[in-house]
$ cat my_file-v5.txt   # compact mmCIF, C-alpha atoms and all ligand atoms
# COMPACT_ATOMS: atom_id res chain seq x y z
CA MET A 1 106.19 75.24 105.99
CA PHE A 2 105.56 74.76 102.28
CA ALA A 3 103.20 76.91 100.23
CA PHE A 4 103.88 74.78 97.15
CA LEU A 5 105.62 71.49 96.33
CA GLU A 6 105.99 69.63 93.05
CA THR A 7 108.01 66.65 91.97
CA ARG A 8 108.93 65.85 88.39
CA GLU A 9 111.31 62.96 88.93
CA PRO A 10 114.11 63.46 89.75
CA VAL A 11 113.54 67.22 90.16
CA GLU A 12 111.77 68.65 93.22
CA VAL A 13 110.66 72.25 93.66
CA ALA A 14 109.24 73.96 96.72
CA PHE A 15 108.22 77.39 97.97
CA THR A 16 108.07 77.98 101.71
CA ASP A 17 105.52 80.05 103.61
CA ARG A 18 105.96 81.89 106.92
CA HIS A 19 105.20 78.95 109.21
CA ALA A 20 107.83 76.73 110.84
CA GLY A 21 106.88 73.36 112.29
CA GLY A 22 105.36 74.31 115.65
CA PRO A 23 102.26 76.39 116.36
CA GLY A 24 103.06 80.08 116.09
CA ASP A 25 106.66 79.42 115.01
CA VAL A 26 107.73 81.73 112.22
CA LEU A 27 109.91 80.49 109.37
CA ASP A 28 112.05 83.36 108.12
CA LEU A 29 114.84 82.72 105.61
CA ALA A 30 116.12 86.34 105.48
CA GLU A 31 119.83 87.06 105.72
CA PRO A 32 120.67 88.59 109.13
CA LYS A 33 120.07 92.34 109.20
CA PRO A 34 122.51 94.84 110.77
CA GLY A 35 121.89 94.77 114.52
CA ASP A 36 120.53 91.20 114.57
CA GLY A 37 123.40 90.05 116.77
CA PRO A 38 126.12 87.39 116.36
CA GLY A 39 123.78 84.38 116.61
CA ALA A 40 121.56 85.43 113.72
CA ARG A 41 123.52 83.61 111.05
CA ASP A 42 123.37 80.37 113.06
CA VAL A 43 119.60 80.76 113.40
CA LEU A 44 119.28 81.25 109.63
CA GLU A 45 121.48 78.25 108.88
CA GLU A 46 119.46 76.11 111.30
CA SER A 47 116.23 77.21 109.58
CA ILE A 48 117.65 76.34 106.16
CA HIS A 49 118.78 72.98 107.57
CA VAL A 50 115.26 72.22 108.83
CA VAL A 51 113.72 73.14 105.46
CA ALA A 52 116.31 71.00 103.62
CA HIS A 53 115.39 68.00 105.79
CA ALA A 54 111.67 68.54 105.22
CA LEU A 55 112.32 68.75 101.47
CA ALA A 56 114.34 65.51 101.66
CA ARG A 57 111.31 63.86 103.32
CA GLY A 58 109.12 64.97 100.43
CA GLY A 59 107.60 67.89 102.32
CA ASP A 60 106.89 66.13 105.64
CA THR A 61 107.71 68.65 108.37
CA ALA A 62 108.04 65.86 111.01
CA GLY A 63 106.94 67.99 113.97
CA GLU A 64 109.19 67.44 116.98
CA GLU A 65 111.97 65.73 115.04
CA PRO A 66 112.76 68.12 112.22
CA LEU A 67 116.20 66.64 111.54
CA ASP A 68 115.18 62.97 111.51
CA LEU A 69 115.47 61.14 108.20
CA PRO A 70 114.57 57.68 107.00
CA SER A 71 117.73 55.69 106.28
CA GLY A 72 119.14 56.13 102.81
CA VAL A 73 117.49 59.51 102.27
CA ALA A 74 119.91 62.25 101.22
CA VAL A 75 119.66 65.86 102.40
CA PRO A 76 120.36 68.53 99.80
CA ALA A 77 123.34 70.83 100.20
CA VAL A 78 121.70 74.25 100.01
CA VAL A 79 123.40 77.09 98.14
CA ARG A 80 121.98 80.54 98.74
CA MET A 81 122.77 83.98 97.34
CA ARG A 82 122.99 87.53 98.60
CA GLN A 83 120.52 89.07 96.20
CA VAL A 84 121.30 92.60 95.02
CA HIS A 85 118.57 93.33 92.40
CA ALA A 86 121.00 92.89 89.52
CA ALA A 87 121.38 90.24 86.82
CA ASP A 88 124.56 88.30 87.64
CA VAL A 89 124.22 84.52 87.57
CA LEU A 90 126.56 82.01 89.22
CA THR A 91 127.11 78.47 87.96
CA VAL A 92 127.52 76.19 90.96
CA ASP A 93 129.99 73.49 89.95
CA ARG A 94 132.27 71.17 91.92
CA THR A 95 135.17 73.63 91.83
CA TRP A 96 133.02 76.43 93.28
CA LEU A 97 131.58 74.14 95.94
CA GLU A 98 135.02 72.97 97.05
CA ASP A 99 136.06 76.44 98.15
CA ALA A 100 132.66 78.06 98.57
CA PRO A 101 133.05 81.39 100.38
CA ALA A 102 131.58 81.85 103.87
CA ASP A 103 129.46 84.73 102.60
CA PRO A 104 126.82 83.98 99.98
CA PRO A 105 127.73 85.14 96.45
CA GLU A 106 126.25 88.50 95.39
CA VAL A 107 124.15 87.31 92.47
CA ASP A 108 120.45 87.08 91.62
CA GLY A 109 120.60 83.81 89.71
CA LEU A 110 122.06 80.37 90.40
CA VAL A 111 122.30 77.34 88.11
CA THR A 112 123.73 73.86 88.55
CA ASP A 113 123.79 70.40 87.02
CA LEU A 114 124.96 68.75 90.23
CA PRO A 115 122.50 66.27 91.80
CA GLY A 116 122.11 66.77 95.54
CA VAL A 117 122.58 70.55 95.43
CA ALA A 118 119.49 72.66 96.18
CA LEU A 119 119.45 76.24 94.95
CA LEU A 120 117.72 78.70 97.28
CA VAL A 121 116.13 81.99 96.25
CA ARG A 122 114.47 84.24 98.83
CA ALA A 123 111.84 86.94 98.46
CA ALA A 124 109.22 89.04 100.19
CA ASP A 125 107.21 90.58 97.29
CA CYS A 126 109.87 90.14 94.58
CA VAL A 127 109.38 87.15 92.28
CA PRO A 128 111.22 83.92 93.08
CA VAL A 129 111.57 81.76 89.95
CA LEU A 130 112.67 78.11 89.96
CA LEU A 131 113.68 76.41 86.72
CA ALA A 132 114.53 72.90 85.55
CA ASP A 133 115.26 70.78 82.54
CA VAL A 134 114.02 67.57 84.11
CA GLU A 135 115.55 65.26 81.48
CA ARG A 136 118.97 66.91 81.48
CA GLY A 137 119.10 67.43 85.24
CA VAL A 138 119.89 71.14 85.02
CA VAL A 139 118.21 73.48 87.52
CA GLY A 140 118.15 77.21 88.19
CA ALA A 141 116.82 79.77 90.66
CA ALA A 142 116.35 83.48 90.08
CA HIS A 143 115.28 86.51 92.11
CA ALA A 144 113.48 89.15 90.09
CA GLY A 145 111.89 92.29 91.41
CA ARG A 146 111.16 95.36 89.33
CA LEU A 147 114.89 95.94 88.69
CA GLY A 148 115.61 92.28 88.02
CA LEU A 149 112.81 92.31 85.46
CA VAL A 150 114.34 95.32 83.71
CA HIS A 151 117.86 93.85 83.90
CA GLY A 152 116.71 90.46 82.57
CA VAL A 153 117.92 88.21 85.37
CA VAL A 154 115.44 85.48 84.42
CA PRO A 155 116.43 85.27 80.72
CA GLY A 156 120.06 85.42 81.93
CA THR A 157 119.48 82.41 84.17
CA VAL A 158 117.79 80.52 81.32
CA ALA A 159 120.79 81.28 79.06
CA ARG A 160 123.21 79.97 81.68
CA MET A 161 121.16 76.76 82.03
CA ARG A 162 121.36 76.28 78.25
CA GLU A 163 125.17 76.54 78.52
CA LEU A 164 124.94 73.51 80.83
CA GLY A 165 122.93 71.60 78.21
CA ALA A 166 119.36 72.45 79.19
CA GLU A 167 116.83 72.29 76.34
CA ARG A 168 113.23 71.83 77.52
CA ILE A 169 112.97 74.16 80.48
CA VAL A 170 110.07 74.47 82.92
CA ALA A 171 109.77 77.51 85.23
CA TRP A 172 107.80 77.71 88.48
CA VAL A 173 106.85 81.31 89.27
CA GLY A 174 106.52 81.63 93.04
CA PRO A 175 104.60 83.92 95.41
CA HIS A 176 105.07 87.67 94.86
CA VAL A 177 103.17 90.94 95.16
CA CYS A 178 100.60 90.98 92.39
CA GLY A 179 100.07 93.67 89.79
CA ARG A 180 96.85 94.84 91.46
CA CYS A 181 98.77 95.58 94.68
CA TYR A 182 102.16 96.86 93.50
CA GLU A 183 101.58 100.61 93.32
CA VAL A 184 104.36 102.77 91.85
CA PRO A 185 104.68 106.35 90.59
CA ALA A 186 103.41 106.78 87.02
CA ALA A 187 106.92 107.59 85.72
CA MET A 188 108.27 104.34 87.15
CA ARG A 189 105.50 102.35 85.49
CA GLU A 190 106.48 103.98 82.18
CA GLU A 191 110.17 103.20 82.68
CA VAL A 192 109.54 99.51 83.31
CA ALA A 193 106.94 99.16 80.57
CA ALA A 194 109.37 100.73 78.08
CA VAL A 195 111.52 97.61 78.59
CA VAL A 196 108.81 95.00 79.30
CA PRO A 197 105.40 96.25 78.05
CA GLU A 198 103.55 93.33 79.68
CA SER A 199 104.37 94.73 83.13
CA PHE A 200 102.10 97.79 82.67
CA ALA A 201 99.35 97.53 85.28
CA GLU A 202 96.87 99.33 87.49
CA THR A 203 96.15 98.73 91.17
CA SER A 204 92.72 97.52 92.29
CA TRP A 205 92.19 101.10 93.50
CA GLY A 206 92.98 102.59 90.09
CA THR A 207 96.54 103.94 90.41
CA PRO A 208 99.70 103.11 88.40
CA ALA A 209 101.23 99.70 89.11
CA VAL A 210 103.89 97.31 87.87
CA ASP A 211 103.01 93.65 87.32
CA VAL A 212 106.42 92.05 87.69
CA GLY A 213 104.95 88.54 87.46
CA SER A 214 103.32 89.22 84.07
CA GLY A 215 106.56 90.75 82.84
CA ILE A 216 108.50 87.64 83.84
CA LEU A 217 105.88 85.43 82.23
CA ALA A 218 106.44 87.31 78.96
CA GLN A 219 110.22 86.95 79.29
CA LEU A 220 109.91 83.21 79.93
CA ARG A 221 107.54 82.70 76.98
CA ALA A 222 109.95 84.59 74.72
CA GLU A 223 112.60 82.05 75.79
CA ASP A 224 110.25 79.16 74.94
CA VAL A 225 110.01 78.09 78.59
CA GLU A 226 106.94 76.26 79.95
CA VAL A 227 105.52 78.13 82.94
CA VAL A 228 103.87 76.72 86.08
CA ASP A 229 102.06 79.34 88.12
CA ALA A 230 102.93 78.63 91.76
CA SER A 231 102.15 82.17 92.85
CA SER A 232 99.82 83.90 95.21
CA CYS A 233 99.99 87.52 96.31
CA THR A 234 102.41 88.04 99.19
CA LEU A 235 100.72 91.30 100.18
CA GLU A 236 97.24 89.76 100.33
CA ASP A 237 98.13 86.33 101.76
CA GLU A 238 99.15 86.62 105.42
CA ASP A 239 100.69 83.15 105.35
CA LEU A 240 103.53 84.71 103.35
CA HIS A 241 106.14 87.37 104.12
CA SER A 242 105.59 90.78 102.50
CA TYR A 243 107.92 93.75 102.48
CA ARG A 244 105.08 96.04 101.49
CA ARG A 245 102.92 94.82 104.39
CA GLU A 246 105.61 94.45 107.08
CA GLY A 247 108.35 96.92 106.10
CA GLU A 248 112.07 96.58 106.93
CA ALA A 249 111.41 93.84 109.50
CA ALA A 250 109.75 91.56 106.92
CA GLY A 251 111.00 88.00 106.75
CA ARG A 252 111.62 86.07 103.55
CA ILE A 253 110.00 83.05 101.98
CA GLY A 254 112.23 80.68 100.04
CA GLY A 255 112.14 78.77 96.79
CA LEU A 256 114.25 75.62 96.45
CA VAL A 257 114.94 73.38 93.47
CA TRP A 258 117.15 70.30 93.31
CA VAL A 259 117.82 67.09 91.47
CA ARG A 260 117.39 64.29 93.97
CA PRO A 261 120.46 62.04 93.64
ZN ZN A 301 97.85 91.44 95.43
$ encode --input "my_file-v5.txt" --output "structure tokens"
Amino acid sequence: MFAFLETREPVEVAFTDRHAGGPGDVLDLAEPKPGDGPGARDVLEESIHVVAHALARGGDTAGEEPLDLPSGVAVPAVVRMRQVHAADVLTVDRTWLEDAPADPPEVDGLVTDLPGVALLVRAADCVPVLLADVERGVVGAAHAGRLGLVHGVVPGTVARMRELGAERIVAWVGPHVCGRCYEVPAAMREEVAAVVPESFAETSWGTPAVDVGSGILAQLRAEDVEVVDASSCTLEDEDLHSYRREGEAAGRIGGLVWVRP
């Protein structure tokens, strides 16, 4: 279920892979697609619920009893977003939570300073980034593909965390398609590199590419953020979901960050 887990008390971060608890069971955190039918949202919410419980148990997937918890262990309330490859960031505060809309907010970044709230970012080749100021208890999650890199969604999320009092920020860069696999037309490579030069890349077969991960690394370093590399290549690693490998039907992996209350 988890490709990566790290705890820096009281903050916990995790990236999921494509495997649910049971043998052959697929974990897919994608929003329902048109034509998925009326039960699709319930299936998604159940999957998120199972992941939240496993996170609460410190990563133990608990096999047959995915919703069992030791007494006194809190489950995070998971806030997700409808990602639109832009740079809007939402601050999740008590007021927003009280009348949270049924549909996820259309943003690509979330921040909060509320313990017990887990922020969820989803991706299948784009870069999921989790962020935290462990001392101040401020966390963030951002979704950055090629467009998010150009639009600066990650620096925007860092700025919003600083508004909540964050100072020493750590970022975990999750699984995404690597620069050796992400082939693009030459003109597109130029366009992105004009904004973020560090993204200029070449595929392993010698054609133009964009390295979104390296671009985000540069943006994070420019913001004086410590970076933890929690990535592997979604296209190359079949334990992960990949849009480039699987097309429209591709599922989504998730990144979650929360302050355990
Ligand atoms: Zn790759």
$ residues_near_ligand --input "my_file-v5.txt" --ligand "ligand ZN 301 (chain A)" --cutoff "6 Å" --atoms "only C-alpha atoms and all ligand atoms" --output "PyMOL selection string"
chain A and resi 177-178+180-181+233+235-236
$ write_last_selection --input "my_file-v5.txt" --atoms "C-alpha atoms" --output "PDB file, in the frame of the given file"
ATOM      1  CA  VAL A 177     103.170  90.940  95.160  1.00  0.00           C
ATOM      2  CA  CYS A 178     100.600  90.980  92.390  1.00  0.00           C
ATOM      3  CA  ARG A 180      96.850  94.840  91.460  1.00  0.00           C
ATOM      4  CA  CYS A 181      98.770  95.580  94.680  1.00  0.00           C
ATOM      5  CA  CYS A 233      99.990  87.520  96.310  1.00  0.00           C
ATOM      6  CA  LEU A 235     100.720  91.300 100.180  1.00  0.00           C
ATOM      7  CA  GLU A 236      97.240  89.760 100.330  1.00  0.00           C
TER       8      GLU A 236
END
$ residues_near_point --input "my_file-v5.txt" --point "(118.3, 66.7, 82.8)" --cutoff "9 Å" --atoms "all atoms listed in the file" --output "list in words"
Pro10, Val11, Asp113, Ala132, Asp133, Val134, Glu135, Arg136, Gly137, Val138, Val139, Gly165, Ala166, Glu167, Arg168 and Val259 of chain A
$ residues_around --input "my_file-v5.txt" --residues "A:Arg41" --least-positions-apart "2" --cutoff "12 Å" --atoms "all atoms listed in the file" --output "VMD selection string"
chain A and resid 28 to 39 43 to 48 102 to 104
$ residues_around --input "my_file-v5.txt" --residues "stretch 53-68 of chain A" --least-positions-apart "4" --cutoff "9 Å" --atoms "all atoms listed in the file" --output "PDB file with C-alpha atoms, keeping the file's coordinate frame"
ATOM      1  CA  MET A   1     106.190  75.240 105.990  1.00  0.00           C
ATOM      2  CA  PHE A   2     105.560  74.760 102.280  1.00  0.00           C
ATOM      3  CA  LEU A   5     105.620  71.490  96.330  1.00  0.00           C
ATOM      4  CA  THR A   7     108.010  66.650  91.970  1.00  0.00           C
ATOM      5  CA  GLU A  12     111.770  68.650  93.220  1.00  0.00           C
ATOM      6  CA  VAL A  13     110.660  72.250  93.660  1.00  0.00           C
ATOM      7  CA  ALA A  14     109.240  73.960  96.720  1.00  0.00           C
ATOM      8  CA  ALA A  20     107.830  76.730 110.840  1.00  0.00           C
ATOM      9  CA  GLY A  21     106.880  73.360 112.290  1.00  0.00           C
ATOM     10  CA  GLY A  22     105.360  74.310 115.650  1.00  0.00           C
ATOM     11  CA  ILE A  48     117.650  76.340 106.160  1.00  0.00           C
ATOM     12  CA  HIS A  49     118.780  72.980 107.570  1.00  0.00           C
ATOM     13  CA  VAL A  73     117.490  59.510 102.270  1.00  0.00           C
ATOM     14  CA  ALA A  74     119.910  62.250 101.220  1.00  0.00           C
ATOM     15  CA  VAL A  75     119.660  65.860 102.400  1.00  0.00           C
ATOM     16  CA  PRO A  76     120.360  68.530  99.800  1.00  0.00           C
ATOM     17  CA  LEU A 256     114.250  75.620  96.450  1.00  0.00           C
ATOM     18  CA  ARG A 260     117.390  64.290  93.970  1.00  0.00           C
TER      19      ARG A 260
END
$ atom_distance --input "my_file-v5.txt" --atom1 "atom CA of A:Asp237" --atom2 "atom CA of A:Ala141"
22.7 Å
$ closest_residue --input "my_file-v5.txt" --among "A:Glu246, A:Glu183, A:Glu163, A:Asp108" --to "A:His143" --atoms "only C-alpha atoms"
A:Asp108
$ residues_near_point --input "my_file-v5.txt" --point "(97.2, 94.0, 82.8)" --cutoff "9 Å" --atoms "only C-alpha atoms" --output "number ranges by chain"
A: 179-180, 198-202, 211, 214
$ axis_aligned_box --input "my_file-v5.txt" --around "stretch 108-114 of chain A" --padding-each-side "8 Å" --output "AutoDock Vina command-line options"
--center_x 122.7 --center_y 77.9 --center_z 89.3 --size_x 20.5 --size_y 34.3 --size_z 20.6
$ atom_distance --input "my_file-v5.txt" --atom1 "atom CA of A:Leu131" --atom2 "atom CA of A:Met161"
8.8 Å
$ closest_residue --input "my_file-v5.txt" --among "A:Met188, A:Ala77, A:Val170, A:Val26" --to "A:Gly116" --atoms "all atoms listed in the file"
A:Ala77
$ atom_distance --input "my_file-v5.txt" --atom1 "atom CA of A:Ser232" --atom2 "atom CA of A:Asp17"
10.9 Å
$ closest_residue --input "my_file-v5.txt" --among "A:Ala159, A:Pro101, A:Ala194, A:Arg252" --to "A:Gln83" --atoms "all atoms listed in the file"
A:Arg252
$ residues_around --input "my_file-v5.txt" --residues "A:Gly156" --least-positions-apart "2" --cutoff "10 Å" --atoms "all atoms listed in the file" --output "list in words"
Ala87, Asp88, Val89, Asp108, Gly109, Ala142, His151, Gly152, Val153, Val154, Val158, Ala159, Arg160, Met161 and Arg162 of chain A
$ closest_residue --input "my_file-v5.txt" --among "A:Gly254, A:Gly72, A:Gly213, A:Pro197" --to "A:Gly145" --atoms "all atoms listed in the file"
A:Gly213
$ build_atoms --input "my_file-v5.txt" --residues "stretch 83-94 of chain A" --atoms "N, CA and C atoms" --output "PDB file, in the coordinates of the input"
ATOM      1  N   GLN A  83     121.161  88.491  97.380  1.00  0.00           N
ATOM      2  CA  GLN A  83     120.520  89.070  96.200  1.00  0.00           C
ATOM      3  C   GLN A  83     120.645  90.599  96.219  1.00  0.00           C
ATOM      4  N   VAL A  84     121.003  91.158  95.068  1.00  0.00           N
ATOM      5  CA  VAL A  84     121.300  92.600  95.020  1.00  0.00           C
ATOM      6  C   VAL A  84     120.519  93.309  93.902  1.00  0.00           C
ATOM      7  N   HIS A  85     119.425  92.709  93.428  1.00  0.00           N
ATOM      8  CA  HIS A  85     118.570  93.330  92.400  1.00  0.00           C
ATOM      9  C   HIS A  85     119.343  93.640  91.117  1.00  0.00           C
ATOM     10  N   ALA A  86     120.272  92.745  90.767  1.00  0.00           N
ATOM     11  CA  ALA A  86     121.000  92.890  89.520  1.00  0.00           C
ATOM     12  C   ALA A  86     120.742  91.647  88.660  1.00  0.00           C
ATOM     13  N   ALA A  87     121.657  91.335  87.748  1.00  0.00           N
ATOM     14  CA  ALA A  87     121.380  90.240  86.820  1.00  0.00           C
ATOM     15  C   ALA A  87     122.520  89.229  86.734  1.00  0.00           C
ATOM     16  N   ASP A  88     123.455  89.271  87.688  1.00  0.00           N
ATOM     17  CA  ASP A  88     124.560  88.300  87.640  1.00  0.00           C
ATOM     18  C   ASP A  88     124.063  86.914  88.031  1.00  0.00           C
ATOM     19  N   VAL A  89     124.614  85.910  87.352  1.00  0.00           N
ATOM     20  CA  VAL A  89     124.220  84.520  87.570  1.00  0.00           C
ATOM     21  C   VAL A  89     125.489  83.709  87.856  1.00  0.00           C
ATOM     22  N   LEU A  90     125.415  82.863  88.866  1.00  0.00           N
ATOM     23  CA  LEU A  90     126.560  82.010  89.220  1.00  0.00           C
ATOM     24  C   LEU A  90     126.249  80.559  88.854  1.00  0.00           C
ATOM     25  N   THR A  91     127.220  79.907  88.198  1.00  0.00           N
ATOM     26  CA  THR A  91     127.110  78.470  87.960  1.00  0.00           C
ATOM     27  C   THR A  91     127.771  77.746  89.123  1.00  0.00           C
ATOM     28  N   VAL A  92     126.992  76.945  89.827  1.00  0.00           N
ATOM     29  CA  VAL A  92     127.520  76.190  90.960  1.00  0.00           C
ATOM     30  C   VAL A  92     128.038  74.858  90.431  1.00  0.00           C
ATOM     31  N   ASP A  93     129.376  74.743  90.397  1.00  0.00           N
ATOM     32  CA  ASP A  93     129.990  73.490  89.950  1.00  0.00           C
ATOM     33  C   ASP A  93     130.861  72.939  91.081  1.00  0.00           C
ATOM     34  N   ARG A  94     131.500  71.803  90.832  1.00  0.00           N
ATOM     35  CA  ARG A  94     132.270  71.170  91.920  1.00  0.00           C
ATOM     36  C   ARG A  94     133.399  72.079  92.396  1.00  0.00           C
TER      37      ARG A  94
END
